[in-house]
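Participant: Okay, here's the structure, questions in a sec.
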Amino acid sequence: MGGTMLFESTDRYFRTLGPRGRTVMFQLPLSVTVLLVTVLVALLHPGFEWPGPFLYSLAAHLVLLTASAVVPWERLPARAVFVIPFLDCLAIGLSREAGGQHLTVLSFLLVFPVVWLAVGLRRTGVAMAVLATILSVAVPPVLLGTGFTSASSIRVVLLPVILGAIALTAFGVANGIAMQRRLLQKQEADLRDLLAASEDREQLLNTVMDTVSVGVCALDGQGQAVLVNRHLGSRLADAIGSEPTPGNVTDLPVYGVDRKHRLPPERHPRTRAARGEPFTDELVWVGSGTTQRAYSVTCRLTKTSAGGNSGAVLAFTDVTALVTALSAKDEFLANVSHELRTPLTSILGYLDLALDDDGLEPGLEECLTVAKRNARRLLTLVGDLLTIASGSLTIAPRPADLNDVAATSIEAAQPHATAAGITLELESSGPATGRFDPDRLGQAIDNLVSNAIKYTPEGGTVTVRIGATGQSLRCEVTDTGIGMTEDDLAQAFTRFFRAANAHSSVIPGAGLGLAITKSIVENHRGTIILSSSRGKGTTAVLTLPDADASLPSPAAAR
């Protein structure tokens, strides 16, 4: 680690130098080594005679060092500086040749200029290094007149080969370091770009989070809040976004749908999110008194690349105004329906009295019958409105057979089906006994059969199938009518919703039957599913739990 830091600091310092400074830094190790070798020879061989040519070669080294520091290399071509290592080779050759056998080791100093050339000029530098090595061996004997001996002849061959290999190695190492440096620089640039992009995305995310009109709280894998947007607010974050504990009671209590009982810790939004439970549009009330607010809470889990849970995101939508409006609407419907029921009952009573008169003219009797039929229809609609507005149904479960309930509904609907030219069928796979409210289930099946008849053209068929599977009761109502689109199916159980084809064909109805049926089934802890396709009819499947095949049917009991 210390060597790496030293290399990095030296490299940074070297990059701050100008051309002259870098040239001196390359030349200085050779000059210092030549001086050190000269001093050591003087100490180890006090009687060594210093020949004149050797002193001249030392002067050449000094001149080259001075030139490295004095020449304005920045004004010259970039490759001009490599004349220094080339001349270094000649100076080293002169020193070695003039020093005789005592200074043959000076040949090793050729490594300095050879590496400089190989690193600085790359492929061209390798060739120049080999050429300079050959000249350092061949030129000095000619200049000094010593002639070529067998040893010098061997040096002419071996030194260029050895130093050429060193030059190639230096070139390869330098090239690898340069490639590594470029790669690191590219990675550093990419990292900076990624960091800048990440900061931009974080800024965008924060802007989006603070712009949306819902409160958002992001949790990590341990259930700790890591991100809360401005809309959520600190007090609401404490109430909903904090994990409730017996000793941590905030000044904003959280209640369930009834607005009276505080949510237990295990039902708290954050607790559910922390244990990996997604949910959608859960209604909670926060606060108390006149400041109490309603929030629709949705939780979605975040996943890791391996598919595990890494946290969750909670979204809180203030629906106080919507809930208040719905409550006001239901209250209005209940009041109006209640006020309408009394006069309608009175109208029906007087119509019954009028129809009991034996002396009525046929035309008048027909008019009174039509009035009575429509009054009863209006009374049924008022009853449906009261059922919807109350928000709850009273269920009185008792032993009963779903076959008998369905048979009663078929019998009541038969006149309507006959008048419409529709075949009404009841199929049963055996006893379908259990504990449920037969009156309420009869109302649900009445609604399904009535809808099937209304939306089936003349000549069609409506089939009611009853059966028991395991511990469940099943009622299936299938028609061959006009069917429903995907959009219609998505809204079929919405109050007052009617399909577009119902409006266009002037089919009567207020859009309450399926909503009431769904409420009845859910109060029995059952389910109802619709499936349909345009022009191919509709199937409604009603499923109830707690079937009990051992219970006798009411018919058998009688």
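Naming scheme: A, B, ... for chains in displayed order of the structure tokens; residues 1 onward per chain; ligands 1 onward as shown.
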Which neighbours of stretch 446-458 of chain A fall inside 10 Å, counting only C-alpha atoms, when residues of the same chain fewer than 6 positions from it are skipped, and could you give them as a count of residues only?

Facilitator: 47

Participant: Where does DSSP see helix (DSSP H, G or I) in stretch 320-507 of chain A, if you list the residues as an MDAnalysis selection string?

Facilitator: chainID A and resid 320:355 362:390 402:419 438:454 486:491 500:504

Participant: Rounded to one decimal place, report the atom CA of A:Glu425-atom CA of A:Ile466 distance in Å.

Facilitator: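 One can read the atom CA of A:Glu425 to atom CA of A:Ile466 distance as 11.2 Å.
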
Participant: Identify which of the residues A:Ile154, A:Leu144, A:Val216, A:Leu103 lies closest to A:Val41, counting only C-alpha atoms when measuring atom-to-atom distances.

Facilitator: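 Answer, going by the shortest atom-to-atom distance: A:Leu103.
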
Participant: Could you work out how far atom CA of A:Gly99 lies from atom CA of A:Leu55, giving the answer in Å with one decimal?

Facilitator: 9.4 Å

Participant: Mind listing the strand (DSSP E) residues of stretch 351-552 of chain A, per DSSP on the backbone, as a PyMOL selection string?

Facilitator: chain A and resi 398-401+423-428+433-436+461-469+472-479+527-532+538-544

Participant: If we count only C-alpha atoms and set the cut-off at 8 Å, which residues sit around stretch 365-369 of chain A, ignoring sequence neighbours fewer than 3 positions away in its own chain? Please answer as a CSV table (one decimal) with N, CA and C atoms, in the first residue's frame.

Facilitator:
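See result04.csv below for the written result:
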chain,number,residue,atom,x,y,z
A,351,LEU,N,-104.4,1.2,-4.5
A,351,LEU,CA,-104.5,0.6,-5.8
A,351,LEU,C,-105.1,-0.8,-5.7
A,354,ALA,N,-108.8,-0.4,-5.1
A,354,ALA,CA,-109.5,-0.1,-6.3
A,354,ALA,C,-109.6,-1.3,-7.2
A,355,LEU,N,-108.6,-2.1,-7.3
A,355,LEU,CA,-108.6,-3.3,-8.1
A,355,LEU,C,-109.6,-4.4,-7.6
A,360,LEU,N,-115.3,-2.5,-12.1
A,360,LEU,CA,-114.3,-1.7,-12.9
A,360,LEU,C,-114.5,-2.0,-14.4
A,361,GLU,N,-114.4,-0.9,-15.2
A,361,GLU,CA,-114.4,-1.1,-16.6
A,361,GLU,C,-113.0,-1.7,-17.0
A,362,PRO,N,-113.0,-2.5,-18.1
A,362,PRO,CA,-111.8,-3.2,-18.5
A,362,PRO,C,-110.6,-2.2,-18.7
A,372,LYS,N,-100.1,-0.2,-10.7
A,372,LYS,CA,-99.7,-1.0,-9.5
A,372,LYS,C,-98.3,-1.7,-9.8
A,373,ARG,N,-98.2,-2.1,-11.1
A,373,ARG,CA,-96.9,-2.8,-11.4
A,373,ARG,C,-95.7,-1.8,-11.3

Participant: Can you measure atom CA of A:Phe108 to atom CA of A:Pro29 for me? One decimal in Å is fine.

Facilitator: 13.1 Å

Participant: Can you tell me which residues surround A:Ala174 at a distance of at most 12 Å, considering only C-alpha atoms, apart from same-chain residues fewer than 3 positions away, and format the answer as a PDB file with all heavy atoms, in the first residue's frame?

Facilitator:
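Wrote out05.pdb, looks like this:
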ATOM      1  N   VAL A 115      16.286   2.115 -22.009  1.00  0.00           N
ATOM      2  CA  VAL A 115      14.908   2.132 -21.485  1.00  0.00           C
ATOM      3  C   VAL A 115      14.236   3.458 -21.818  1.00  0.00           C
ATOM      4  O   VAL A 115      13.053   3.513 -22.184  1.00  0.00           O
ATOM      5  CB  VAL A 115      14.914   1.884 -19.964  1.00  0.00           C
ATOM      6  CG1 VAL A 115      13.526   2.137 -19.363  1.00  0.00           C
ATOM      7  CG2 VAL A 115      15.362   0.450 -19.678  1.00  0.00           C
ATOM      8  N   TRP A 116      14.993   4.560 -21.713  1.00  0.00           N
ATOM      9  CA  TRP A 116      14.430   5.888 -22.029  1.00  0.00           C
ATOM     10  C   TRP A 116      13.943   5.915 -23.480  1.00  0.00           C
ATOM     11  O   TRP A 116      12.830   6.356 -23.777  1.00  0.00           O
ATOM     12  CB  TRP A 116      15.513   6.938 -21.787  1.00  0.00           C
ATOM     13  CG  TRP A 116      15.038   8.363 -21.910  1.00  0.00           C
ATOM     14  CD1 TRP A 116      13.823   8.806 -22.298  1.00  0.00           C
ATOM     15  CD2 TRP A 116      15.827   9.536 -21.647  1.00  0.00           C
ATOM     16  NE1 TRP A 116      13.767  10.167 -22.298  1.00  0.00           N
ATOM     17  CE2 TRP A 116      14.992  10.650 -21.890  1.00  0.00           C
ATOM     18  CE3 TRP A 116      17.139   9.754 -21.224  1.00  0.00           C
ATOM     19  CZ2 TRP A 116      15.443  11.974 -21.748  1.00  0.00           C
ATOM     20  CZ3 TRP A 116      17.573  11.069 -21.064  1.00  0.00           C
ATOM     21  CH2 TRP A 116      16.725  12.165 -21.314  1.00  0.00           C
ATOM     22  N   LEU A 117      14.784   5.430 -24.385  1.00  0.00           N
ATOM     23  CA  LEU A 117      14.398   5.421 -25.796  1.00  0.00           C
ATOM     24  C   LEU A 117      13.200   4.508 -26.049  1.00  0.00           C
ATOM     25  O   LEU A 117      12.265   4.868 -26.775  1.00  0.00           O
ATOM     26  CB  LEU A 117      15.583   4.956 -26.649  1.00  0.00           C
ATOM     27  CG  LEU A 117      16.736   5.955 -26.813  1.00  0.00           C
ATOM     28  CD1 LEU A 117      17.952   5.261 -27.430  1.00  0.00           C
ATOM     29  CD2 LEU A 117      16.305   7.138 -27.666  1.00  0.00           C
ATOM     30  N   ALA A 118      13.211   3.311 -25.449  1.00  0.00           N
ATOM     31  CA  ALA A 118      12.132   2.343 -25.686  1.00  0.00           C
ATOM     32  C   ALA A 118      10.794   2.848 -25.138  1.00  0.00           C
ATOM     33  O   ALA A 118       9.739   2.669 -25.753  1.00  0.00           O
ATOM     34  CB  ALA A 118      12.480   0.999 -25.062  1.00  0.00           C
ATOM     35  N   VAL A 119      10.870   3.489 -23.974  1.00  0.00           N
ATOM     36  CA  VAL A 119       9.630   3.983 -23.361  1.00  0.00           C
ATOM     37  C   VAL A 119       9.134   5.227 -24.073  1.00  0.00           C
ATOM     38  O   VAL A 119       7.931   5.399 -24.301  1.00  0.00           O
ATOM     39  CB  VAL A 119       9.855   4.271 -21.857  1.00  0.00           C
ATOM     40  CG1 VAL A 119       8.650   4.983 -21.259  1.00  0.00           C
ATOM     41  CG2 VAL A 119      10.119   2.965 -21.113  1.00  0.00           C
ATOM     42  N   GLY A 120      10.060   6.118 -24.468  1.00  0.00           N
ATOM     43  CA  GLY A 120       9.648   7.386 -25.056  1.00  0.00           C
ATOM     44  C   GLY A 120       9.214   7.296 -26.494  1.00  0.00           C
ATOM     45  O   GLY A 120       8.241   7.924 -26.910  1.00  0.00           O
ATOM     46  N   LEU A 121       9.944   6.487 -27.301  1.00  0.00           N
ATOM     47  CA  LEU A 121       9.655   6.425 -28.732  1.00  0.00           C
ATOM     48  C   LEU A 121       8.970   5.129 -29.153  1.00  0.00           C
ATOM     49  O   LEU A 121       8.742   4.901 -30.337  1.00  0.00           O
ATOM     50  CB  LEU A 121      10.965   6.582 -29.531  1.00  0.00           C
ATOM     51  CG  LEU A 121      11.586   7.990 -29.489  1.00  0.00           C
ATOM     52  CD1 LEU A 121      12.929   7.975 -30.225  1.00  0.00           C
ATOM     53  CD2 LEU A 121      10.649   8.997 -30.136  1.00  0.00           C
ATOM     54  N   ARG A 122       8.664   4.263 -28.180  1.00  0.00           N
ATOM     55  CA  ARG A 122       7.964   3.012 -28.451  1.00  0.00           C
ATOM     56  C   ARG A 122       8.709   2.180 -29.512  1.00  0.00           C
ATOM     57  O   ARG A 122       9.895   1.923 -29.374  1.00  0.00           O
ATOM     58  CB  ARG A 122       6.503   3.281 -28.855  1.00  0.00           C
ATOM     59  CG  ARG A 122       5.742   4.089 -27.811  1.00  0.00           C
ATOM     60  CD  ARG A 122       5.731   3.331 -26.478  1.00  0.00           C
ATOM     61  NE  ARG A 122       5.166   4.117 -25.422  1.00  0.00           N
ATOM     62  CZ  ARG A 122       3.856   4.125 -25.110  1.00  0.00           C
ATOM     63  NH1 ARG A 122       3.029   3.407 -25.820  1.00  0.00           N
ATOM     64  NH2 ARG A 122       3.422   4.847 -24.101  1.00  0.00           N
ATOM     65  N   ARG A 123       8.042   1.774 -30.602  1.00  0.00           N
ATOM     66  CA  ARG A 123       8.675   0.869 -31.575  1.00  0.00           C
ATOM     67  C   ARG A 123       9.927   1.505 -32.198  1.00  0.00           C
ATOM     68  O   ARG A 123      10.956   0.859 -32.370  1.00  0.00           O
ATOM     69  CB  ARG A 123       7.663   0.518 -32.666  1.00  0.00           C
ATOM     70  CG  ARG A 123       6.500  -0.331 -32.183  1.00  0.00           C
ATOM     71  CD  ARG A 123       5.605  -0.720 -33.346  1.00  0.00           C
ATOM     72  NE  ARG A 123       4.492  -1.535 -32.910  1.00  0.00           N
ATOM     73  CZ  ARG A 123       3.329  -1.058 -32.491  1.00  0.00           C
ATOM     74  NH1 ARG A 123       3.145   0.253 -32.458  1.00  0.00           N
ATOM     75  NH2 ARG A 123       2.368  -1.866 -32.114  1.00  0.00           N
ATOM     76  N   GLY A 125      11.778   3.717 -30.845  1.00  0.00           N
ATOM     77  CA  GLY A 125      12.773   3.786 -29.784  1.00  0.00           C
ATOM     78  C   GLY A 125      13.518   2.477 -29.612  1.00  0.00           C
ATOM     79  O   GLY A 125      14.723   2.475 -29.293  1.00  0.00           O
ATOM     80  N   ILE A 166      16.032  -6.038 -23.586  1.00  0.00           N
ATOM     81  CA  ILE A 166      15.616  -5.142 -22.499  1.00  0.00           C
ATOM     82  C   ILE A 166      14.726  -4.029 -23.042  1.00  0.00           C
ATOM     83  O   ILE A 166      13.720  -3.646 -22.425  1.00  0.00           O
ATOM     84  CB  ILE A 166      16.853  -4.571 -21.786  1.00  0.00           C
ATOM     85  CG1 ILE A 166      17.599  -5.693 -21.043  1.00  0.00           C
ATOM     86  CG2 ILE A 166      16.448  -3.461 -20.814  1.00  0.00           C
ATOM     87  CD1 ILE A 166      18.912  -5.241 -20.418  1.00  0.00           C
ATOM     88  N   ALA A 167      15.098  -3.487 -24.231  1.00  0.00           N
ATOM     89  CA  ALA A 167      14.294  -2.418 -24.834  1.00  0.00           C
ATOM     90  C   ALA A 167      12.895  -2.913 -25.167  1.00  0.00           C
ATOM     91  O   ALA A 167      11.891  -2.220 -24.926  1.00  0.00           O
ATOM     92  CB  ALA A 167      14.993  -1.880 -26.082  1.00  0.00           C
ATOM     93  N   LEU A 168      12.807  -4.126 -25.730  1.00  0.00           N
ATOM     94  CA  LEU A 168      11.489  -4.702 -26.043  1.00  0.00           C
ATOM     95  C   LEU A 168      10.666  -4.905 -24.778  1.00  0.00           C
ATOM     96  O   LEU A 168       9.458  -4.639 -24.742  1.00  0.00           O
ATOM     97  CB  LEU A 168      11.665  -6.030 -26.775  1.00  0.00           C
ATOM     98  CG  LEU A 168      12.018  -5.940 -28.263  1.00  0.00           C
ATOM     99  CD1 LEU A 168      12.314  -7.319 -28.826  1.00  0.00           C
ATOM    100  CD2 LEU A 168      10.870  -5.280 -29.038  1.00  0.00           C
ATOM    101  N   THR A 169      11.326  -5.397 -23.733  1.00  0.00           N
ATOM    102  CA  THR A 169      10.617  -5.597 -22.458  1.00  0.00           C
ATOM    103  C   THR A 169      10.124  -4.273 -21.898  1.00  0.00           C
ATOM    104  O   THR A 169       8.976  -4.153 -21.434  1.00  0.00           O
ATOM    105  CB  THR A 169      11.536  -6.284 -21.446  1.00  0.00           C
ATOM    106  OG1 THR A 169      12.003  -7.516 -21.997  1.00  0.00           O
ATOM    107  CG2 THR A 169      10.796  -6.539 -20.143  1.00  0.00           C
ATOM    108  N   ALA A 170      10.999  -3.260 -21.935  1.00  0.00           N
ATOM    109  CA  ALA A 170      10.597  -1.940 -21.437  1.00  0.00           C
ATOM    110  C   ALA A 170       9.442  -1.381 -22.259  1.00  0.00           C
ATOM    111  O   ALA A 170       8.502  -0.773 -21.712  1.00  0.00           O
ATOM    112  CB  ALA A 170      11.788  -0.986 -21.481  1.00  0.00           C
ATOM    113  N   PHE A 171       9.543  -1.588 -23.605  1.00  0.00           N
ATOM    114  CA  PHE A 171       8.447  -1.139 -24.471  1.00  0.00           C
ATOM    115  C   PHE A 171       7.139  -1.831 -24.104  1.00  0.00           C
ATOM    116  O   PHE A 171       6.075  -1.207 -23.999  1.00  0.00           O
ATOM    117  CB  PHE A 171       8.811  -1.406 -25.926  1.00  0.00           C
ATOM    118  CG  PHE A 171       7.626  -1.340 -26.856  1.00  0.00           C
ATOM    119  CD1 PHE A 171       7.032  -0.122 -27.160  1.00  0.00           C
ATOM    120  CD2 PHE A 171       7.104  -2.502 -27.411  1.00  0.00           C
ATOM    121  CE1 PHE A 171       5.946  -0.066 -28.015  1.00  0.00           C
ATOM    122  CE2 PHE A 171       6.017  -2.446 -28.258  1.00  0.00           C
ATOM    123  CZ  PHE A 171       5.430  -1.231 -28.560  1.00  0.00           C
ATOM    124  N   ILE A 177       1.424  -0.409 -19.188  1.00  0.00           N
ATOM    125  CA  ILE A 177       1.085   0.621 -18.196  1.00  0.00           C
ATOM    126  C   ILE A 177       0.240   1.721 -18.829  1.00  0.00           C
ATOM    127  O   ILE A 177      -0.734   2.207 -18.235  1.00  0.00           O
ATOM    128  CB  ILE A 177       2.376   1.202 -17.584  1.00  0.00           C
ATOM    129  CG1 ILE A 177       3.086   0.142 -16.730  1.00  0.00           C
ATOM    130  CG2 ILE A 177       2.075   2.439 -16.746  1.00  0.00           C
ATOM    131  CD1 ILE A 177       4.430   0.586 -16.192  1.00  0.00           C
ATOM    132  N   ALA A 178       0.601   2.091 -20.078  1.00  0.00           N
ATOM    133  CA  ALA A 178      -0.168   3.138 -20.763  1.00  0.00           C
ATOM    134  C   ALA A 178      -1.604   2.679 -21.016  1.00  0.00           C
ATOM    135  O   ALA A 178      -2.568   3.439 -20.833  1.00  0.00           O
ATOM    136  CB  ALA A 178       0.517   3.511 -22.073  1.00  0.00           C
ATOM    137  N   MET A 179      -1.743   1.415 -21.446  1.00  0.00           N
ATOM    138  CA  MET A 179      -3.084   0.879 -21.682  1.00  0.00           C
ATOM    139  C   MET A 179      -3.884   0.835 -20.379  1.00  0.00           C
ATOM    140  O   MET A 179      -5.074   1.174 -20.343  1.00  0.00           O
ATOM    141  CB  MET A 179      -2.986  -0.512 -22.300  1.00  0.00           C
ATOM    142  CG  MET A 179      -2.463  -0.519 -23.735  1.00  0.00           C
ATOM    143  SD  MET A 179      -2.325  -2.199 -24.419  1.00  0.00           S
ATOM    144  CE  MET A 179      -4.028  -2.730 -24.290  1.00  0.00           C
ATOM    145  N   GLN A 180      -3.208   0.399 -19.305  1.00  0.00           N
ATOM    146  CA  GLN A 180      -3.874   0.341 -18.012  1.00  0.00           C
ATOM    147  C   GLN A 180      -4.284   1.727 -17.549  1.00  0.00           C
ATOM    148  O   GLN A 180      -5.386   1.924 -17.014  1.00  0.00           O
ATOM    149  CB  GLN A 180      -2.948  -0.315 -16.981  1.00  0.00           C
ATOM    150  CG  GLN A 180      -3.591  -0.557 -15.619  1.00  0.00           C
ATOM    151  CD  GLN A 180      -4.641  -1.641 -15.663  1.00  0.00           C
ATOM    152  OE1 GLN A 180      -4.675  -2.429 -16.604  1.00  0.00           O
ATOM    153  NE2 GLN A 180      -5.504  -1.674 -14.682  1.00  0.00           N
ATOM    154  N   ARG A 181      -3.409   2.707 -17.808  1.00  0.00           N
ATOM    155  CA  ARG A 181      -3.723   4.077 -17.408  1.00  0.00           C
ATOM    156  C   ARG A 181      -4.915   4.606 -18.202  1.00  0.00           C
ATOM    157  O   ARG A 181      -5.812   5.243 -17.632  1.00  0.00           O
ATOM    158  CB  ARG A 181      -2.498   4.964 -17.618  1.00  0.00           C
ATOM    159  CG  ARG A 181      -2.756   6.445 -17.326  1.00  0.00           C
ATOM    160  CD  ARG A 181      -1.471   7.221 -17.397  1.00  0.00           C
ATOM    161  NE  ARG A 181      -0.567   6.815 -16.328  1.00  0.00           N
ATOM    162  CZ  ARG A 181       0.734   7.017 -16.345  1.00  0.00           C
ATOM    163  NH1 ARG A 181       1.301   7.571 -17.397  1.00  0.00           N
ATOM    164  NH2 ARG A 181       1.490   6.656 -15.318  1.00  0.00           N
TER     165      ARG A 181
END

Participant: Contacts of A:Val157 at 12 Å or less, counting only C-alpha atoms, minus same-chain residues fewer than 4 places along, as an MDAnalysis selection string?

Facilitator: chainID A and resid 130:131 133:138 150:153 161:164

Participant: Next, the residues of the selection above should be written as a compact mmCIF listing (two decimals), in the first residue's frame with C-alpha atoms.

Facilitator:
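Saved as result.txt:
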# COMPACT_ATOMS: atom_id res chain seq x y z
CA VAL A 130 19.65 -1.24 -30.68
CA LEU A 131 21.43 1.14 -33.10
CA THR A 133 24.08 0.10 -28.49
CA ILE A 134 25.87 -1.04 -31.64
CA LEU A 135 27.48 2.41 -32.04
CA SER A 136 28.49 2.46 -28.35
CA VAL A 137 30.52 -0.69 -29.02
CA ALA A 138 31.78 0.05 -32.55
CA SER A 150 37.95 -10.62 -29.69
CA ALA A 151 36.19 -9.29 -26.56
CA SER A 152 35.02 -6.14 -28.33
CA SER A 153 33.83 -8.22 -31.27
CA VAL A 161 20.95 -8.55 -28.48
CA ILE A 162 20.75 -8.25 -24.69
CA LEU A 163 19.87 -4.57 -24.63
CA GLY A 164 17.45 -5.04 -27.53

Participant: What's around A:Thr302 at 6 Å? Count only C-alpha atoms, leave out sequence neighbours fewer than 5 positions away in its own chain, and write the answer as a ChimeraX atom specification.

Facilitator: /A:309-312
